[in-house]
Structure formats: C-alpha cells, structure tokens
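J.: I am attaching a structure below and will ask some questions about it afterwards.
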Amino acid sequence: MLISHIDHLVLTVADIEQTCTFYSGALGMKVITFGENRKALAFGEQKINLHPAHAPLMPHAKCPTSGSADICLITKLPLGSVIRHLQENGVQIELGPIARTGAIGVIESIYFRDPDGNLIEIGKYCG
C-alpha cells in the first residue's frame, strides 16, 4: 500500500459556526458546505471536516472530544507576516518561533489554540 497524502481530517468541535469564523478569519480557510448541510474548512487540496461534539456524525473516532487535536499546518509566507495577521485577529501565540522537525525537514513554528483549545502549529520550512 502506498499513501500519497491526507485528503481530510475531522475536528470534533463545540460550536461549528465559531470554528468556521476562527479558521476562515485567522487562517484564511474557505468554509464549504457539503452533504446534508455539513461544514468543512478547505485549504490547498485538503479539508477539515467538522463534527459537532454534542452529536458526532457516524462513523467517528472511538472517543470524539473537542479540544483534543494537535495539528501542524505549513505556510509559505514569512512567519513574521503570519504572526502579525494572527495578532490582528486576536490570536495569542503560545510558543515560538521555534525550530521543529517537519515531515520533510526543519521548520520554524509557532503555536496557538483554536476556540476549542486544539493546539495549532503553523510552520515554515527552512531553506
């Protein structure tokens, strides 16, 4: 078996509209509606599907819980620009910039939390 990339992942969230507002404003993701009025956050060739914590959609993870995710997203922009944009959107940076190891090399990363408390890392590949 050969896996080529991630198509989507699912976040279990307390408030879908609040999550859509955060990710579209702070991270520039596009909110899309699909299926039976389901919501997702699209970026590049991937998306994040949203499940409501009070009624997760089937099938779902064994213990779907809001605030349990830790996601690393990659940017091509300078991290200084990303930090300024996040601060303009009221997002508090918890850590960084700091060197980390990404999937294909060294990245410089910052960390912050979404409205559910999920840890979001934005990294930029070095060199």
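Every chain in the structure tokens has a letter given in the order shown (A, B, ...), and although residue numbers restart at 1 in each chain, ligands are simply numbered from 1 in the order shown.
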Show me, as a ChimeraX atom specification, the residues that have an atom within 9 Å of Lys76 (chain A) when counting only C-alpha atoms, minus same-chain residues fewer than 4 positions from it.
T.: /A:123-125
J.: Please dump the current selection as a PDB file, in the first residue's frame; keep N, CA and C atoms.
T.:
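Output contents, as saved in part_5.pdb:
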```
ATOM      1  N   GLY A 123       3.942  26.108  10.635  1.00  0.00           N
ATOM      2  CA  GLY A 123       5.380  26.013  10.378  1.00  0.00           C
ATOM      3  C   GLY A 123       5.734  26.474   8.988  1.00  0.00           C
ATOM      4  N   LYS A 124       6.971  26.909   8.843  1.00  0.00           N
ATOM      5  CA  LYS A 124       7.528  27.281   7.541  1.00  0.00           C
ATOM      6  C   LYS A 124       8.828  26.534   7.389  1.00  0.00           C
ATOM      7  N   TYR A 125       8.956  25.812   6.271  1.00  0.00           N
ATOM      8  CA  TYR A 125      10.183  25.068   6.022  1.00  0.00           C
ATOM      9  C   TYR A 125      11.361  26.020   5.847  1.00  0.00           C
TER      10      TYR A 125
END
```
J.: Measuring atom to atom with only C-alpha atoms, identify which of A:Cys72, A:Val82, A:Leu77, A:Ile98 is nearest to Asn118 (chain A).
T.: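 Closest to Asn118 (chain A), using only C-alpha atoms: A:Cys72.
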J.: Using DSSP secondary structure from the backbone, list all strand (DSSP E) positions within chain A, as JSON, numbers by chain.
T.: {"A": [8, 9, 10, 11, 12, 13, 30, 31, 32, 33, 34, 38, 39, 40, 41, 42, 43, 46, 47, 48, 49, 50, 51, 52, 70, 71, 72, 73, 74, 95, 96, 97, 98, 99, 100, 101, 106, 107, 108, 109, 110, 111, 112, 113, 119, 120, 121, 122, 123, 124, 125]}
J.: Could those selected residues go to a file with C-alpha atoms, as an mmCIF file, in the first residue's frame?
T.:
```cif
data_model
loop_
_atom_site.group_PDB
_atom_site.id
_atom_site.type_symbol
_atom_site.label_atom_id
_atom_site.label_comp_id
_atom_site.auth_asym_id
_atom_site.auth_seq_id
_atom_site.Cartn_x
_atom_site.Cartn_y
_atom_site.Cartn_z
ATOM 1 C CA HIS A 8 -9.155 15.377 5.065
ATOM 2 C CA LEU A 9 -9.277 15.031 8.806
ATOM 3 C CA VAL A 10 -12.124 15.587 11.233
ATOM 4 C CA LEU A 11 -12.283 18.007 14.147
ATOM 5 C CA THR A 12 -14.931 17.491 16.802
ATOM 6 C CA VAL A 13 -15.948 20.988 17.929
ATOM 7 C CA LYS A 30 -12.618 28.584 2.953
ATOM 8 C CA VAL A 31 -15.799 27.400 4.664
ATOM 9 C CA ILE A 32 -17.642 24.927 2.454
ATOM 10 C CA THR A 33 -20.991 23.207 2.880
ATOM 11 C CA PHE A 34 -21.431 19.639 1.643
ATOM 12 C CA ARG A 38 -22.241 19.664 6.825
ATOM 13 C CA LYS A 39 -19.374 22.148 7.161
ATOM 14 C CA ALA A 40 -15.708 21.835 6.306
ATOM 15 C CA LEU A 41 -12.672 24.103 6.129
ATOM 16 C CA ALA A 42 -10.863 23.905 2.787
ATOM 17 C CA PHE A 43 -7.257 24.900 2.072
ATOM 18 C CA GLN A 46 -7.135 19.309 1.775
ATOM 19 C CA LYS A 47 -10.032 19.969 4.095
ATOM 20 C CA ILE A 48 -11.003 19.666 7.726
ATOM 21 C CA ASN A 49 -14.495 18.269 8.227
ATOM 22 C CA LEU A 50 -16.308 19.490 11.323
ATOM 23 C CA HIS A 51 -18.367 17.266 13.613
ATOM 24 C CA PRO A 52 -20.489 18.726 16.421
ATOM 25 C CA ASP A 70 -2.766 18.828 17.723
ATOM 26 C CA ILE A 71 -2.316 19.879 14.087
ATOM 27 C CA CYS A 72 0.650 21.264 12.163
ATOM 28 C CA LEU A 73 -0.119 23.403 9.113
ATOM 29 C CA ILE A 74 2.535 24.661 6.704
ATOM 30 C CA LEU A 95 5.150 29.392 21.738
ATOM 31 C CA GLY A 96 7.599 30.315 19.029
ATOM 32 C CA PRO A 97 9.024 30.925 16.658
ATOM 33 C CA ILE A 98 10.935 27.752 17.449
ATOM 34 C CA ALA A 99 12.777 25.142 15.363
ATOM 35 C CA ARG A 100 10.977 21.813 14.866
ATOM 36 C CA THR A 101 11.231 18.808 12.596
ATOM 37 C CA VAL A 106 13.410 21.523 9.526
ATOM 38 C CA ILE A 107 10.599 24.003 10.087
ATOM 39 C CA GLU A 108 10.291 27.141 12.154
ATOM 40 C CA SER A 109 6.980 27.021 14.017
ATOM 41 C CA ILE A 110 4.564 28.996 16.137
ATOM 42 C CA TYR A 111 1.819 27.541 18.338
ATOM 43 C CA PHE A 112 -1.613 28.828 19.371
ATOM 44 C CA ARG A 113 -5.064 27.440 20.193
ATOM 45 C CA LEU A 119 -3.214 23.080 19.585
ATOM 46 C CA ILE A 120 -2.450 24.564 16.174
ATOM 47 C CA GLU A 121 1.103 24.772 14.882
ATOM 48 C CA ILE A 122 1.986 26.801 11.815
ATOM 49 C CA GLY A 123 5.380 26.013 10.378
ATOM 50 C CA LYS A 124 7.528 27.281 7.541
ATOM 51 C CA TYR A 125 10.183 25.068 6.022
#
```
J.: By how many Å are CA of Asn89 (chain A) and CA of Ala26 (chain A) apart?
T.: 5.8 Å
J.: Which of these residues is nearest to Thr19 (chain A), using only C-alpha atoms: A:Asn37, A:Ser66, A:Thr75, A:Ser4?
T.: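 For Thr19 (chain A), the nearest of the given residues is A:Ser66.
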J.: For the atom pair CA of Gly117 (chain A) and CA of Pro64 (chain A), what is the interatomic distance in Å to one decimal place?
T.: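 For CA of Gly117 (chain A) relative to CA of Pro64 (chain A), the distance reads 14.2 Å.
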J.: Quick check, in Å to one decimal: how far apart do CA of Asp116 (chain A) and CA of Ala14 (chain A) lie?
T.: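 So the answer is 6.7 Å.
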J.: Looking at only C-alpha atoms, which of A:Cys126, A:Ile6, A:Leu57, A:Met29 is the one that sits closest to Leu79 (chain A)?
T.: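 Between A:Cys126, A:Ile6, A:Leu57, A:Met29, the residue approaching Leu79 (chain A) most closely is A:Cys126.
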J.: Which of chain A end up as alpha helix (DSSP H) when DSSP is run on this backbone - answer as a VMD selection string?
T.: chain A and resid 16 to 27 79 to 88
